[in-house]
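Below is one structure, written out as structure tokens; the observations come after it.
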Amino acid sequence: MLEALGLGSAVEAVYREMLADPSGGIAELGARLGLAEAQVRESLDQLVDLGLLKPSRDSPGALRAVRPEVGLEVLLRRQEQELARQQQELERSRAAAAEVVSEFAGLRPNTEIDGAERLVGMDAIQNRLEELAHGLIRECLAILPGGALSEASMTASRPLDRRALARGIEMCSVYQDSARNDPATLAYARWLTEQGGQVRTSPLLPTRLLVFDRTVAVVPVDPGNSRTGALCTSAPGIVASLVTLFEQTWQAAVPLGADRPRASDARPSAAELELLRLLASGMTDEAAGKRLGVSLRTVRRQMAALMERLHATSRFEAGLKAAREGWL
């Protein structure tokens, strides 16, 4: 239940047991939970680091569990601060990657210069992806923004993914949170995990990205205009920057099998926070929806719900109250 907050199953079990019955030492606690003493010690150390366990004032040398309504709120705030830091790093990496890609935007279609090739047309892109997938040795990293995947995209990708996974290739994919709301895309993502792939989701993603064995990367030349084609590059500096962008995105994302923390009466969800930030930056509802991979109707529905939660009669008032609450 608490995996989305960074607590493993053993750590969560120890925390729950400390809440229910803090008596006994490490050996007794391990016996009650069926855990090795080393696991209990490690879990206790992590809980202390997270601020969920503190020294007992009644029993010197012992620990007491901080109540969930207090401890988990602190943990959520720490996680939000870390996500904000990662988001800043993502923005810097995204800007750097976009600058590098733009340098190659003038390449003639389907020609290779200095390790970079501009692919124009779906056939050219698909042929190159099939070639790269066939030559995979270790791993394939993917960022897939935009929410729901098209049926054509999933149909083209399934045989490539199946063959790669059957060969033991490690596949790590990050989808947008809104993909969870599309049955076909969610089914495809679950199929990937069943075949051995790893899938995570995040409210906000950078540009579409595929990296093959950390040596070749494929990105759109212009994310807003697919007709300009894709850039395939093996330039070490560019690929390294794109791998860093993927890793930062991956760290900030949540595994497909773990539910994101639900919004409470006091705190918005991760997706709602991103929506607030985008709208506060001056984006229109339509532009924010595209960035989040959701429809215009969804944006307006979420914003209406946030205004109601904040008891705001206008978006301006909602922005002021959200800032006062520390959401922005």
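FYI, nothing fancy with the structure tokens labels: chains A, B, ... in order, residues from 1 per chain, ligands from 1 as they appear.
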
Quiz prompt | Test item: residues at most 12 Å from Met307 in chain A, only C-alpha atoms, excluding those fewer than 2 positions along its chain, as a ChimeraX atom specification | solution = /A:268,272,276,300-305,309-322

Exercise. From a DSSP calculation on the backbone, collect every residue of range 38-200 of chain A in alpha helix (DSSP H) and output the set as a ChimeraX atom specification.
Key: /A:38-49,68-103,122-134,151-166,183-194

Quiz prompt | For Asn181 in chain A: contacts at 12 Å, only C-alpha atoms, fewer than 3 positions along chain excluded, given as a VMD selection string | solution = chain A and resid 147 to 149 175 to 178 184 to 187 189 201 293 to 295 298

Based on the selection just made, write N, CA, C and O atoms of those residues as a PDB file, in the first residue's frame.
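Wrote it out as result37.pdb, contents follow:
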```pdb
ATOM      1  N   GLY A 147      -0.383  10.048 -23.404  1.00  0.00           N
ATOM      2  CA  GLY A 147      -1.516   9.254 -22.920  1.00  0.00           C
ATOM      3  C   GLY A 147      -1.722   8.009 -23.750  1.00  0.00           C
ATOM      4  O   GLY A 147      -0.826   7.200 -23.927  1.00  0.00           O
ATOM      5  N   ALA A 148      -2.930   7.862 -24.302  1.00  0.00           N
ATOM      6  CA  ALA A 148      -3.291   6.659 -25.048  1.00  0.00           C
ATOM      7  C   ALA A 148      -2.426   6.500 -26.293  1.00  0.00           C
ATOM      8  O   ALA A 148      -2.178   7.455 -27.026  1.00  0.00           O
ATOM      9  N   LEU A 149      -1.957   5.269 -26.532  1.00  0.00           N
ATOM     10  CA  LEU A 149      -1.214   4.958 -27.748  1.00  0.00           C
ATOM     11  C   LEU A 149      -2.189   4.634 -28.866  1.00  0.00           C
ATOM     12  O   LEU A 149      -3.282   4.099 -28.626  1.00  0.00           O
ATOM     13  N   TYR A 175       5.215   5.653 -19.484  1.00  0.00           N
ATOM     14  CA  TYR A 175       4.007   6.174 -20.105  1.00  0.00           C
ATOM     15  C   TYR A 175       3.502   7.367 -19.291  1.00  0.00           C
ATOM     16  O   TYR A 175       3.872   7.559 -18.139  1.00  0.00           O
ATOM     17  N   GLN A 176       2.610   8.127 -19.894  1.00  0.00           N
ATOM     18  CA  GLN A 176       1.966   9.210 -19.158  1.00  0.00           C
ATOM     19  C   GLN A 176       0.869   8.628 -18.261  1.00  0.00           C
ATOM     20  O   GLN A 176       0.264   7.603 -18.588  1.00  0.00           O
ATOM     21  N   ASP A 177       0.655   9.252 -17.100  1.00  0.00           N
ATOM     22  CA  ASP A 177      -0.362   8.759 -16.168  1.00  0.00           C
ATOM     23  C   ASP A 177      -1.708   8.539 -16.840  1.00  0.00           C
ATOM     24  O   ASP A 177      -2.435   7.591 -16.525  1.00  0.00           O
ATOM     25  N   SER A 178      -2.054   9.421 -17.772  1.00  0.00           N
ATOM     26  CA  SER A 178      -3.368   9.332 -18.415  1.00  0.00           C
ATOM     27  C   SER A 178      -3.517   8.054 -19.227  1.00  0.00           C
ATOM     28  O   SER A 178      -4.641   7.664 -19.566  1.00  0.00           O
ATOM     29  N   ALA A 184      -7.077   0.025 -23.858  1.00  0.00           N
ATOM     30  CA  ALA A 184      -6.190  -0.635 -24.812  1.00  0.00           C
ATOM     31  C   ALA A 184      -4.728  -0.401 -24.462  1.00  0.00           C
ATOM     32  O   ALA A 184      -3.905  -1.326 -24.470  1.00  0.00           O
ATOM     33  N   THR A 185      -4.380   0.858 -24.134  1.00  0.00           N
ATOM     34  CA  THR A 185      -2.996   1.177 -23.774  1.00  0.00           C
ATOM     35  C   THR A 185      -2.615   0.498 -22.463  1.00  0.00           C
ATOM     36  O   THR A 185      -1.506  -0.032 -22.321  1.00  0.00           O
ATOM     37  N   LEU A 186      -3.526   0.510 -21.491  1.00  0.00           N
ATOM     38  CA  LEU A 186      -3.250  -0.135 -20.207  1.00  0.00           C
ATOM     39  C   LEU A 186      -3.048  -1.633 -20.396  1.00  0.00           C
ATOM     40  O   LEU A 186      -2.150  -2.228 -19.786  1.00  0.00           O
ATOM     41  N   ALA A 187      -3.864  -2.245 -21.261  1.00  0.00           N
ATOM     42  CA  ALA A 187      -3.722  -3.679 -21.527  1.00  0.00           C
ATOM     43  C   ALA A 187      -2.373  -3.977 -22.167  1.00  0.00           C
ATOM     44  O   ALA A 187      -1.719  -4.974 -21.845  1.00  0.00           O
ATOM     45  N   ALA A 189       0.399  -2.162 -21.853  1.00  0.00           N
ATOM     46  CA  ALA A 189       1.432  -1.958 -20.848  1.00  0.00           C
ATOM     47  C   ALA A 189       1.501  -3.151 -19.893  1.00  0.00           C
ATOM     48  O   ALA A 189       2.591  -3.596 -19.505  1.00  0.00           O
ATOM     49  N   THR A 201       4.731   5.103 -14.911  1.00  0.00           N
ATOM     50  CA  THR A 201       3.961   6.235 -15.432  1.00  0.00           C
ATOM     51  C   THR A 201       4.292   7.502 -14.648  1.00  0.00           C
ATOM     52  O   THR A 201       4.706   7.442 -13.488  1.00  0.00           O
ATOM     53  N   GLY A 293      -1.443  14.725 -21.616  1.00  0.00           N
ATOM     54  CA  GLY A 293      -2.012  13.589 -22.333  1.00  0.00           C
ATOM     55  C   GLY A 293      -3.461  13.328 -22.000  1.00  0.00           C
ATOM     56  O   GLY A 293      -3.917  12.174 -22.037  1.00  0.00           O
ATOM     57  N   VAL A 294      -4.215  14.382 -21.664  1.00  0.00           N
ATOM     58  CA  VAL A 294      -5.634  14.225 -21.329  1.00  0.00           C
ATOM     59  C   VAL A 294      -6.453  15.175 -22.192  1.00  0.00           C
ATOM     60  O   VAL A 294      -5.928  16.092 -22.814  1.00  0.00           O
ATOM     61  N   SER A 295      -7.761  14.954 -22.193  1.00  0.00           N
ATOM     62  CA  SER A 295      -8.646  15.769 -23.017  1.00  0.00           C
ATOM     63  C   SER A 295      -8.910  17.123 -22.362  1.00  0.00           C
ATOM     64  O   SER A 295      -8.681  17.315 -21.166  1.00  0.00           O
ATOM     65  N   THR A 298     -11.279  16.791 -19.541  1.00  0.00           N
ATOM     66  CA  THR A 298     -10.669  16.313 -18.293  1.00  0.00           C
ATOM     67  C   THR A 298      -9.974  17.449 -17.556  1.00  0.00           C
ATOM     68  O   THR A 298     -10.069  17.557 -16.330  1.00  0.00           O
TER      69      THR A 298
END
```

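Relative to CA of Gln86 in chain A, CA of Val299 in chain A is found at 23.8 Å.
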
Got a sec: who's within 7 Å of Arg208 in chain A, counting only C-alpha atoms, leaving out chain neighbours fewer than 2 positions off, as a PDB file with N, CA, C and O atoms, in the first residue's frame?
```
ATOM      1  N   ILE A 143      10.459   6.552 -23.637  1.00  0.00           N
ATOM      2  CA  ILE A 143       9.533   7.522 -23.043  1.00  0.00           C
ATOM      3  C   ILE A 143       8.417   7.725 -24.051  1.00  0.00           C
ATOM      4  O   ILE A 143       8.669   8.081 -25.202  1.00  0.00           O
ATOM      5  N   LEU A 144       7.176   7.487 -23.607  1.00  0.00           N
ATOM      6  CA  LEU A 144       6.040   7.502 -24.526  1.00  0.00           C
ATOM      7  C   LEU A 144       4.966   8.456 -24.001  1.00  0.00           C
ATOM      8  O   LEU A 144       4.012   8.045 -23.342  1.00  0.00           O
ATOM      9  N   PRO A 145       5.088   9.751 -24.282  1.00  0.00           N
ATOM     10  CA  PRO A 145       4.108  10.730 -23.802  1.00  0.00           C
ATOM     11  C   PRO A 145       2.826  10.693 -24.629  1.00  0.00           C
ATOM     12  O   PRO A 145       2.726   9.975 -25.623  1.00  0.00           O
ATOM     13  N   PRO A 206       8.752  14.380 -20.854  1.00  0.00           N
ATOM     14  CA  PRO A 206       9.420  15.128 -21.918  1.00  0.00           C
ATOM     15  C   PRO A 206       9.048  14.549 -23.277  1.00  0.00           C
ATOM     16  O   PRO A 206       8.066  13.819 -23.400  1.00  0.00           O
ATOM     17  N   VAL A 219      14.520  10.284 -31.638  1.00  0.00           N
ATOM     18  CA  VAL A 219      13.617  11.289 -31.069  1.00  0.00           C
ATOM     19  C   VAL A 219      12.954  12.044 -32.214  1.00  0.00           C
ATOM     20  O   VAL A 219      13.490  12.101 -33.325  1.00  0.00           O
ATOM     21  N   PRO A 220      11.770  12.613 -31.980  1.00  0.00           N
ATOM     22  CA  PRO A 220      11.146  13.436 -33.025  1.00  0.00           C
ATOM     23  C   PRO A 220      11.938  14.722 -33.240  1.00  0.00           C
ATOM     24  O   PRO A 220      12.439  15.317 -32.284  1.00  0.00           O
TER      25      PRO A 220
END
```

Exercise. Among the residues of range 44-208 of chain A, find those DSSP assigns to strand (DSSP E) from the backbone and print them as a PyMOL selection string.
Key: chain A and resi 53-55+63-65+112-113+116-119+139-144+170-176+198-202

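Interatomic distance, CA of Phe246 in chain A against CA of Asp182 in chain A: 23.3 Å.
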
Quiz item: Counting only C-alpha atoms, which of A:Leu292, A:Leu242, A:Leu210, A:Leu256 gets nearest to Thr193 in chain A?
Solution: A:Leu256

Practice problem: Between A:Met154, A:Ala164, A:Val216, A:Leu83, single out the one closest to Ala240 in chain A, counting only C-alpha atoms. | Solution: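 Using only C-alpha atoms, the shortest distance to Ala240 in chain A belongs to A:Val216.
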